file query_14.txt (compact mmCIF, N, CA and C atoms)
# COMPACT_ATOMS: atom_id res chain seq x y z
N MET A 1 39.11 83.70 32.38
CA MET A 1 39.70 83.51 33.68
C MET A 1 41.12 83.02 33.48
N ALA A 2 42.03 83.65 34.16
CA ALA A 2 43.43 83.23 34.07
C ALA A 2 43.67 82.03 34.97
N GLU A 3 44.27 81.00 34.40
CA GLU A 3 44.50 79.78 35.17
C GLU A 3 45.47 79.98 36.31
N ASP A 4 46.35 80.97 36.21
CA ASP A 4 47.34 81.18 37.26
C ASP A 4 46.90 82.24 38.27
N ASP A 5 45.66 82.68 38.23
CA ASP A 5 45.13 83.68 39.15
C ASP A 5 44.82 83.00 40.48
N LYS A 6 45.56 83.36 41.53
CA LYS A 6 45.37 82.71 42.83
C LYS A 6 44.01 83.02 43.44
N ASP A 7 43.34 84.09 43.00
CA ASP A 7 42.04 84.46 43.52
C ASP A 7 40.88 83.91 42.70
N ALA A 8 41.19 83.17 41.65
CA ALA A 8 40.15 82.65 40.76
C ALA A 8 39.47 81.43 41.36
N ILE A 9 38.24 81.20 40.93
CA ILE A 9 37.57 79.95 41.29
C ILE A 9 38.37 78.84 40.66
N PRO A 10 38.73 77.81 41.43
CA PRO A 10 39.56 76.74 40.87
C PRO A 10 38.92 76.09 39.65
N LEU A 11 39.74 75.84 38.63
CA LEU A 11 39.23 75.21 37.41
C LEU A 11 38.59 73.85 37.70
N GLU A 12 39.10 73.15 38.71
CA GLU A 12 38.50 71.85 39.06
C GLU A 12 37.04 72.02 39.44
N LEU A 13 36.73 73.09 40.20
CA LEU A 13 35.35 73.35 40.61
C LEU A 13 34.50 73.74 39.40
N ILE A 14 35.05 74.53 38.50
CA ILE A 14 34.33 74.90 37.28
C ILE A 14 34.03 73.65 36.45
N HIS A 15 35.01 72.77 36.30
CA HIS A 15 34.79 71.53 35.54
C HIS A 15 33.77 70.64 36.24
N HIS A 16 33.80 70.62 37.57
CA HIS A 16 32.82 69.83 38.33
C HIS A 16 31.41 70.36 38.06
N TRP A 17 31.21 71.68 38.14
CA TRP A 17 29.90 72.27 37.86
C TRP A 17 29.48 71.98 36.43
N HIS A 18 30.43 72.05 35.49
CA HIS A 18 30.12 71.76 34.09
C HIS A 18 29.68 70.30 33.94
N ASN A 19 30.41 69.39 34.56
CA ASN A 19 30.07 67.96 34.47
C ASN A 19 28.74 67.63 35.13
N GLU A 20 28.35 68.39 36.17
CA GLU A 20 27.06 68.20 36.82
C GLU A 20 25.92 68.83 36.03
N GLY A 21 26.26 69.57 34.98
CA GLY A 21 25.25 70.25 34.18
C GLY A 21 24.76 71.55 34.80
N LEU A 22 25.48 72.07 35.81
CA LEU A 22 25.08 73.31 36.45
C LEU A 22 25.48 74.53 35.64
N ILE A 23 26.59 74.43 34.91
CA ILE A 23 27.04 75.54 34.08
C ILE A 23 27.44 75.02 32.71
N ASN A 24 27.50 75.93 31.77
CA ASN A 24 28.01 75.64 30.44
C ASN A 24 29.22 76.54 30.25
N TRP A 25 30.41 75.99 30.44
CA TRP A 25 31.64 76.78 30.39
C TRP A 25 31.98 77.09 28.94
N LEU A 26 31.94 78.37 28.57
CA LEU A 26 32.13 78.77 27.18
C LEU A 26 33.50 79.37 26.89
N GLY A 27 34.23 79.75 27.92
CA GLY A 27 35.52 80.40 27.69
C GLY A 27 35.33 81.83 27.23
N ARG A 28 36.23 82.33 26.42
CA ARG A 28 36.18 83.73 25.96
C ARG A 28 35.23 83.90 24.78
N SER A 29 34.64 85.10 24.70
CA SER A 29 33.76 85.43 23.59
C SER A 29 33.77 86.94 23.38
N SER A 30 33.60 87.36 22.14
CA SER A 30 33.54 88.79 21.85
C SER A 30 32.09 89.29 21.81
N ASN A 31 31.11 88.40 21.80
CA ASN A 31 29.71 88.79 21.74
C ASN A 31 29.07 88.65 23.12
N VAL A 32 29.32 89.63 23.97
CA VAL A 32 28.88 89.57 25.36
C VAL A 32 27.35 89.56 25.46
N TYR A 33 26.67 90.39 24.67
CA TYR A 33 25.21 90.45 24.76
C TYR A 33 24.57 89.10 24.46
N GLU A 34 25.08 88.40 23.47
CA GLU A 34 24.56 87.08 23.13
C GLU A 34 24.76 86.11 24.30
N LEU A 35 25.90 86.19 24.95
CA LEU A 35 26.16 85.34 26.11
C LEU A 35 25.22 85.67 27.27
N ILE A 36 24.95 86.95 27.48
CA ILE A 36 24.02 87.35 28.53
C ILE A 36 22.65 86.75 28.25
N GLN A 37 22.21 86.84 27.01
CA GLN A 37 20.90 86.30 26.63
C GLN A 37 20.80 84.80 26.89
N LYS A 38 21.90 84.09 26.71
CA LYS A 38 21.91 82.64 26.88
C LYS A 38 22.14 82.21 28.33
N SER A 39 22.46 83.17 29.19
CA SER A 39 22.85 82.85 30.57
C SER A 39 21.67 82.94 31.53
N ASN A 40 21.79 82.24 32.64
CA ASN A 40 20.85 82.36 33.75
C ASN A 40 21.37 83.31 34.82
N ILE A 41 22.69 83.38 34.94
CA ILE A 41 23.36 84.18 35.95
C ILE A 41 24.53 84.90 35.28
N VAL A 42 24.77 86.14 35.70
CA VAL A 42 25.94 86.87 35.21
C VAL A 42 26.78 87.26 36.42
N ALA A 43 28.04 86.87 36.40
CA ALA A 43 28.96 87.19 37.49
C ALA A 43 30.00 88.19 37.01
N LEU A 44 30.27 89.18 37.84
CA LEU A 44 31.30 90.17 37.55
C LEU A 44 32.26 90.23 38.74
N PRO A 45 33.25 89.35 38.75
CA PRO A 45 34.20 89.34 39.87
C PRO A 45 35.37 90.29 39.66
N SER A 46 35.06 91.52 39.30
CA SER A 46 36.11 92.51 39.06
C SER A 46 36.51 93.17 40.37
N ILE A 47 37.81 93.36 40.55
CA ILE A 47 38.29 94.04 41.75
C ILE A 47 38.61 95.50 41.46
N TYR A 48 38.37 95.94 40.24
CA TYR A 48 38.70 97.30 39.85
C TYR A 48 37.48 98.21 40.00
N PRO A 49 37.61 99.31 40.75
CA PRO A 49 36.47 100.21 40.93
C PRO A 49 36.13 100.94 39.64
N GLU A 50 34.86 101.06 39.38
CA GLU A 50 34.37 101.81 38.23
C GLU A 50 33.00 102.34 38.60
N GLY A 51 32.37 103.06 37.70
CA GLY A 51 31.00 103.51 37.94
C GLY A 51 30.10 102.29 37.96
N VAL A 52 28.87 102.44 37.56
CA VAL A 52 27.98 101.29 37.46
C VAL A 52 28.41 100.49 36.24
N PRO A 53 28.85 99.26 36.42
CA PRO A 53 29.35 98.47 35.29
C PRO A 53 28.27 98.19 34.24
N ARG A 54 28.61 98.43 33.01
CA ARG A 54 27.69 98.22 31.89
C ARG A 54 27.20 96.77 31.83
N LEU A 55 28.09 95.83 32.10
CA LEU A 55 27.70 94.42 32.06
C LEU A 55 26.54 94.14 33.02
N LEU A 56 26.61 94.69 34.22
CA LEU A 56 25.54 94.47 35.19
C LEU A 56 24.24 95.15 34.77
N LEU A 57 24.34 96.33 34.18
CA LEU A 57 23.15 97.01 33.66
C LEU A 57 22.50 96.18 32.55
N GLU A 58 23.31 95.71 31.62
CA GLU A 58 22.77 94.92 30.50
C GLU A 58 22.15 93.62 31.00
N ALA A 59 22.84 92.94 31.91
CA ALA A 59 22.32 91.67 32.43
C ALA A 59 21.04 91.88 33.21
N SER A 60 21.00 92.90 34.05
CA SER A 60 19.80 93.18 34.84
C SER A 60 18.64 93.58 33.95
N SER A 61 18.91 94.33 32.90
CA SER A 61 17.84 94.82 32.03
C SER A 61 17.13 93.69 31.29
N VAL A 62 17.79 92.55 31.11
CA VAL A 62 17.14 91.41 30.46
C VAL A 62 16.79 90.31 31.47
N GLY A 63 16.78 90.66 32.75
CA GLY A 63 16.27 89.75 33.76
C GLY A 63 17.22 88.67 34.23
N ARG A 64 18.49 88.96 34.26
CA ARG A 64 19.46 87.96 34.75
C ARG A 64 19.87 88.30 36.17
N ALA A 65 19.92 87.29 37.02
CA ALA A 65 20.46 87.48 38.37
C ALA A 65 21.95 87.76 38.23
N CYS A 66 22.45 88.67 39.05
CA CYS A 66 23.86 89.07 38.98
C CYS A 66 24.57 88.81 40.30
N ILE A 67 25.83 88.49 40.18
CA ILE A 67 26.71 88.38 41.34
C ILE A 67 27.92 89.25 41.06
N ALA A 68 28.29 90.06 42.04
CA ALA A 68 29.44 90.95 41.85
C ALA A 68 30.17 91.15 43.17
N TYR A 69 31.43 91.53 43.05
CA TYR A 69 32.20 91.90 44.23
C TYR A 69 31.72 93.26 44.74
N ASP A 70 31.98 93.54 46.00
CA ASP A 70 31.58 94.81 46.61
C ASP A 70 32.57 95.92 46.27
N THR A 71 32.82 96.09 44.99
CA THR A 71 33.82 97.03 44.49
C THR A 71 33.16 98.07 43.60
N GLY A 72 33.63 99.29 43.69
CA GLY A 72 33.18 100.34 42.77
C GLY A 72 31.68 100.53 42.80
N GLY A 73 31.08 100.64 41.63
CA GLY A 73 29.65 100.92 41.52
C GLY A 73 28.76 99.70 41.51
N CYS A 74 29.32 98.52 41.70
CA CYS A 74 28.51 97.30 41.65
C CYS A 74 27.37 97.33 42.65
N ASP A 75 27.68 97.74 43.89
CA ASP A 75 26.64 97.73 44.91
C ASP A 75 25.71 98.94 44.83
N SER A 76 25.92 99.82 43.86
CA SER A 76 24.94 100.88 43.63
C SER A 76 23.81 100.39 42.72
N LEU A 77 24.03 99.29 42.03
CA LEU A 77 23.00 98.69 41.18
C LEU A 77 22.47 97.39 41.78
N ILE A 78 23.36 96.55 42.26
CA ILE A 78 22.96 95.25 42.80
C ILE A 78 22.61 95.40 44.27
N ILE A 79 21.37 95.07 44.60
CA ILE A 79 20.90 95.09 45.98
C ILE A 79 20.92 93.65 46.46
N HIS A 80 21.77 93.38 47.45
CA HIS A 80 22.01 92.02 47.92
C HIS A 80 20.70 91.32 48.30
N ASN A 81 20.50 90.15 47.74
CA ASN A 81 19.32 89.30 47.96
C ASN A 81 18.04 89.87 47.37
N TYR A 82 18.12 90.92 46.57
CA TYR A 82 16.94 91.45 45.89
C TYR A 82 17.05 91.22 44.39
N ASN A 83 18.07 91.80 43.76
CA ASN A 83 18.25 91.61 42.32
C ASN A 83 19.59 90.94 42.00
N GLY A 84 20.23 90.44 43.02
CA GLY A 84 21.51 89.76 42.83
C GLY A 84 22.20 89.57 44.16
N LEU A 85 23.47 89.25 44.08
CA LEU A 85 24.25 89.00 45.29
C LEU A 85 25.55 89.79 45.21
N ILE A 86 25.93 90.36 46.33
CA ILE A 86 27.20 91.07 46.47
C ILE A 86 28.08 90.25 47.40
N VAL A 87 29.30 89.97 46.95
CA VAL A 87 30.23 89.19 47.78
C VAL A 87 31.48 90.02 48.06
N LYS A 88 32.17 89.63 49.11
CA LYS A 88 33.38 90.34 49.51
C LYS A 88 34.41 90.29 48.38
N SER A 89 34.99 91.44 48.09
CA SER A 89 35.99 91.53 47.03
C SER A 89 37.15 90.58 47.28
N ASN A 90 37.61 89.96 46.21
CA ASN A 90 38.74 89.02 46.24
C ASN A 90 38.43 87.71 46.93
N SER A 91 37.16 87.41 47.18
CA SER A 91 36.83 86.15 47.84
C SER A 91 36.26 85.17 46.82
N ALA A 92 37.16 84.46 46.15
CA ALA A 92 36.72 83.47 45.16
C ALA A 92 35.88 82.38 45.82
N GLN A 93 36.20 82.04 47.07
CA GLN A 93 35.44 81.01 47.78
C GLN A 93 33.99 81.46 48.00
N GLU A 94 33.80 82.69 48.46
CA GLU A 94 32.44 83.20 48.68
C GLU A 94 31.70 83.31 47.35
N LEU A 95 32.40 83.75 46.31
CA LEU A 95 31.80 83.84 44.98
C LEU A 95 31.33 82.46 44.52
N ALA A 96 32.15 81.45 44.73
CA ALA A 96 31.80 80.09 44.33
C ALA A 96 30.57 79.60 45.10
N VAL A 97 30.52 79.87 46.39
CA VAL A 97 29.38 79.45 47.21
C VAL A 97 28.09 80.10 46.71
N GLU A 98 28.14 81.41 46.43
CA GLU A 98 26.95 82.12 45.98
C GLU A 98 26.54 81.70 44.57
N LEU A 99 27.50 81.46 43.70
CA LEU A 99 27.18 80.95 42.36
C LEU A 99 26.46 79.61 42.46
N GLU A 100 27.00 78.73 43.26
CA GLU A 100 26.37 77.41 43.41
C GLU A 100 24.97 77.54 44.00
N TYR A 101 24.79 78.46 44.93
CA TYR A 101 23.47 78.70 45.53
C TYR A 101 22.45 79.07 44.45
N LEU A 102 22.82 80.02 43.58
CA LEU A 102 21.89 80.43 42.53
C LEU A 102 21.71 79.34 41.48
N LEU A 103 22.76 78.60 41.19
CA LEU A 103 22.64 77.51 40.22
C LEU A 103 21.65 76.45 40.68
N LYS A 104 21.61 76.21 41.97
CA LYS A 104 20.75 75.17 42.53
C LYS A 104 19.38 75.68 42.96
N ASN A 105 19.13 76.97 42.83
CA ASN A 105 17.86 77.57 43.24
C ASN A 105 17.29 78.43 42.11
N PRO A 106 16.75 77.78 41.08
CA PRO A 106 16.28 78.53 39.90
C PRO A 106 15.16 79.53 40.21
N GLN A 107 14.28 79.23 41.15
CA GLN A 107 13.20 80.17 41.46
C GLN A 107 13.75 81.47 42.04
N ILE A 108 14.74 81.36 42.90
CA ILE A 108 15.34 82.55 43.50
C ILE A 108 16.03 83.38 42.43
N ARG A 109 16.76 82.74 41.53
CA ARG A 109 17.45 83.53 40.50
C ARG A 109 16.46 84.16 39.53
N LEU A 110 15.32 83.50 39.27
CA LEU A 110 14.29 84.12 38.42
C LEU A 110 13.70 85.35 39.10
N GLU A 111 13.45 85.26 40.41
CA GLU A 111 12.93 86.41 41.16
C GLU A 111 13.95 87.55 41.15
N MET A 112 15.22 87.22 41.36
CA MET A 112 16.26 88.25 41.33
C MET A 112 16.35 88.88 39.94
N GLY A 113 16.23 88.08 38.90
CA GLY A 113 16.26 88.61 37.54
C GLY A 113 15.11 89.56 37.28
N ALA A 114 13.91 89.17 37.72
CA ALA A 114 12.74 90.04 37.55
C ALA A 114 12.92 91.35 38.32
N ASN A 115 13.48 91.25 39.52
CA ASN A 115 13.75 92.46 40.30
C ASN A 115 14.82 93.32 39.64
N GLY A 116 15.76 92.70 38.97
CA GLY A 116 16.78 93.44 38.23
C GLY A 116 16.17 94.26 37.11
N ARG A 117 15.21 93.67 36.41
CA ARG A 117 14.51 94.41 35.34
C ARG A 117 13.80 95.63 35.92
N LYS A 118 13.13 95.43 37.06
CA LYS A 118 12.43 96.56 37.72
C LYS A 118 13.43 97.65 38.10
N THR A 119 14.57 97.24 38.63
CA THR A 119 15.60 98.20 39.02
C THR A 119 16.07 99.01 37.82
N CYS A 120 16.32 98.34 36.71
CA CYS A 120 16.79 99.03 35.50
C CYS A 120 15.73 99.96 34.93
N LYS A 121 14.48 99.54 34.95
CA LYS A 121 13.41 100.42 34.47
C LYS A 121 13.34 101.68 35.30
N GLY A 122 13.55 101.55 36.61
CA GLY A 122 13.56 102.72 37.48
C GLY A 122 14.70 103.65 37.16
N ILE A 123 15.85 103.10 36.84
CA ILE A 123 17.01 103.92 36.49
C ILE A 123 16.75 104.68 35.20
N VAL A 124 16.22 104.00 34.19
CA VAL A 124 15.93 104.64 32.90
C VAL A 124 14.89 105.73 33.10
N PHE A 125 13.83 105.44 33.87
CA PHE A 125 12.78 106.43 34.10
C PHE A 125 13.34 107.66 34.80
N GLN A 126 14.21 107.46 35.80
CA GLN A 126 14.81 108.60 36.50
C GLN A 126 15.60 109.48 35.55
N HIS A 127 16.36 108.88 34.65
CA HIS A 127 17.17 109.67 33.72
C HIS A 127 16.30 110.41 32.70
N ILE A 128 15.22 109.79 32.28
CA ILE A 128 14.33 110.42 31.30
C ILE A 128 13.56 111.57 31.95
N SER A 129 13.13 111.37 33.19
CA SER A 129 12.28 112.37 33.83
C SER A 129 13.05 113.55 34.40
N HIS A 130 14.37 113.47 34.46
CA HIS A 130 15.15 114.59 35.02
C HIS A 130 15.85 115.34 33.94
call {"tool": "encode", "arguments": {"input": "query_14.txt", "output": "structure tokens"}}
result
Amino acid sequence: MAEDDKDAIPLELIHHWHNEGLINWLGRSSNVYELIQKSNIVALPSIYPEGVPRLLLEASSVGRACIAYDTGGCDSLIIHNYNGLIVKSNSAQELAVELEYLLKNPQIRLEMGANGRKTCKGIVFQHISH
């Protein structure tokens, strides 16, 4: 996250969540899969449209609740309140609210993660059967 990004979640809020034990702020890493495995929630606040983002597929396939902006292919994989949360693009405030919601509601994020696995299995089955 760029510290000078006006649309970013404020670093003070990230440090607050870290100090409360809600998140473990790791910074940058080149081993994304390992980070997904260690995470409870995966957020993709990208404003750039693309197909179905690989990060969301990987996170959903291992049962992680996902949060993403309503950009590009994110909402073709993430079904709001089923296997993750979709927030308005460029709304760092809404993203922060939804992140905190999932951080404080572990049962909901576990259900979303399980639903994400089901969603990914359906996608793989569709591609294999066609």
call {"tool": "closest_atom_pairs", "arguments": {"input": "query_14.txt", "of": "segment 28-113 of chain A", "to": "segment 15-21 of chain A", "cutoff": "12 Å", "atoms": "only C-alpha atoms", "output": "JSON lines"}}
result
{"residue": "A:Ala96", "atom": "CA", "partner": "A:Trp17", "partner_atom": "CA", "distance": 10.3}
{"residue": "A:Val97", "atom": "CA", "partner": "A:Trp17", "partner_atom": "CA", "distance": 11.8}
{"residue": "A:Leu99", "atom": "CA", "partner": "A:Trp17", "partner_atom": "CA", "distance": 10.1}
{"residue": "A:Glu100", "atom": "CA", "partner": "A:Trp17", "partner_atom": "CA", "distance": 8.3}
{"residue": "A:Tyr101", "atom": "CA", "partner": "A:Trp17", "partner_atom": "CA", "distance": 11.9}
{"residue": "A:Leu103", "atom": "CA", "partner": "A:Trp17", "partner_atom": "CA", "distance": 9.3}
{"residue": "A:Lys104", "atom": "CA", "partner": "A:Trp17", "partner_atom": "CA", "distance": 10.7}
call {"tool": "residues_around", "arguments": {"input": "query_14.txt", "residues": "segment 48-65 of chain A", "least_positions_apart": "4", "cutoff": "7 Å", "atoms": "only C-alpha atoms", "output": "list in words"}}
result
Ile36, Asn40, Ile41, Val42, Thr71, Gly72, Gly73, Cys74, Ser76, Leu77, Asn83, Gly84, Arg109, Met112, Gly113, Ala114, Gly116, Arg117 and Cys120 of chain A
call {"tool": "closest_residue", "arguments": {"input": "query_14.txt", "among": "A:Pro106, A:Asp75, A:Glu34, A:Ile23", "to": "Ser89 of chain A", "atoms": "only C-alpha atoms"}}
result
A:Asp75
call {"tool": "closest_residue", "arguments": {"input": "query_14.txt", "among": "A:Leu13, A:Cys66, A:Ala8, A:Val32", "to": "Glu111 of chain A", "atoms": "only C-alpha atoms"}}
result
A:Cys66
call {"tool": "select_by_dssp", "arguments": {"input": "query_14.txt", "residues": "segment 11-105 of chain A", "states": "strand (DSSP E)", "output": "list in words"}}
result
Ile41, Val42, Ala43, Leu44, Ala65, Cys66, Ile67, Ala68, Tyr69, Gly84, Leu85, Ile86 and Val87 of chain A
call {"tool": "atom_distance", "arguments": {"input": "query_14.txt", "atom1": "atom CA of Ile78 of chain A", "atom2": "atom CA of Ile123 of chain A"}}
result
12.3 Å
call {"tool": "atom_distance", "arguments": {"input": "query_14.txt", "atom1": "atom C of Trp25 of chain A", "atom2": "atom N of Lys121 of chain A"}}
result
29.1 Å
call {"tool": "atom_distance", "arguments": {"input": "query_14.txt", "atom1": "atom CA of Gln107 of chain A", "atom2": "atom CA of Ala92 of chain A"}}
result
24.0 Å
call {"tool": "select_by_dssp", "arguments": {"input": "query_14.txt", "residues": "chain A", "states": "alpha helix (DSSP H)", "output": "VMD selection string"}}
result
chain A and resid 11 to 19 32 to 38 54 to 61 74 to 77 92 to 104 106 to 129
call {"tool": "decode", "arguments": {"input": "query_14.txt", "residues": "segment 83-109 of chain A", "atoms": "C-alpha atoms", "output": "PDB file, in the first residue's frame"}}
result
ATOM      1  CA  ASN A  83     -18.508 -16.046  -0.531  1.00  0.00           C
ATOM      2  CA  GLY A  84     -17.199 -12.567   0.158  1.00  0.00           C
ATOM      3  CA  LEU A  85     -18.012  -8.902   0.020  1.00  0.00           C
ATOM      4  CA  ILE A  86     -18.079  -6.459  -2.882  1.00  0.00           C
ATOM      5  CA  VAL A  87     -17.576  -2.785  -2.068  1.00  0.00           C
ATOM      6  CA  LYS A  88     -17.884   0.345  -4.156  1.00  0.00           C
ATOM      7  CA  SER A  89     -14.742   1.007  -6.169  1.00  0.00           C
ATOM      8  CA  ASN A  90     -12.399   3.626  -4.701  1.00  0.00           C
ATOM      9  CA  SER A  91     -14.174   3.596  -1.342  1.00  0.00           C
ATOM     10  CA  ALA A  92     -11.417   2.986   1.190  1.00  0.00           C
ATOM     11  CA  GLN A  93     -13.882   3.853   3.967  1.00  0.00           C
ATOM     12  CA  GLU A  94     -16.372   1.162   2.893  1.00  0.00           C
ATOM     13  CA  LEU A  95     -13.511  -1.307   2.439  1.00  0.00           C
ATOM     14  CA  ALA A  96     -12.318  -0.569   5.977  1.00  0.00           C
ATOM     15  CA  VAL A  97     -15.820  -1.042   7.410  1.00  0.00           C
ATOM     16  CA  GLU A  98     -16.263  -4.401   5.654  1.00  0.00           C
ATOM     17  CA  LEU A  99     -12.782  -5.599   6.635  1.00  0.00           C
ATOM     18  CA  GLU A 100     -13.474  -4.780  10.257  1.00  0.00           C
ATOM     19  CA  TYR A 101     -16.844  -6.557  10.022  1.00  0.00           C
ATOM     20  CA  LEU A 102     -15.195  -9.785   8.855  1.00  0.00           C
ATOM     21  CA  LEU A 103     -12.340  -9.442  11.335  1.00  0.00           C
ATOM     22  CA  LYS A 104     -14.826  -9.260  14.200  1.00  0.00           C
ATOM     23  CA  ASN A 105     -17.140 -12.011  12.881  1.00  0.00           C
ATOM     24  CA  PRO A 106     -15.069 -15.179  12.439  1.00  0.00           C
ATOM     25  CA  GLN A 107     -18.081 -17.470  11.913  1.00  0.00           C
ATOM     26  CA  ILE A 108     -19.320 -15.379   8.996  1.00  0.00           C
ATOM     27  CA  ARG A 109     -15.906 -15.318   7.340  1.00  0.00           C
TER      28      ARG A 109
END
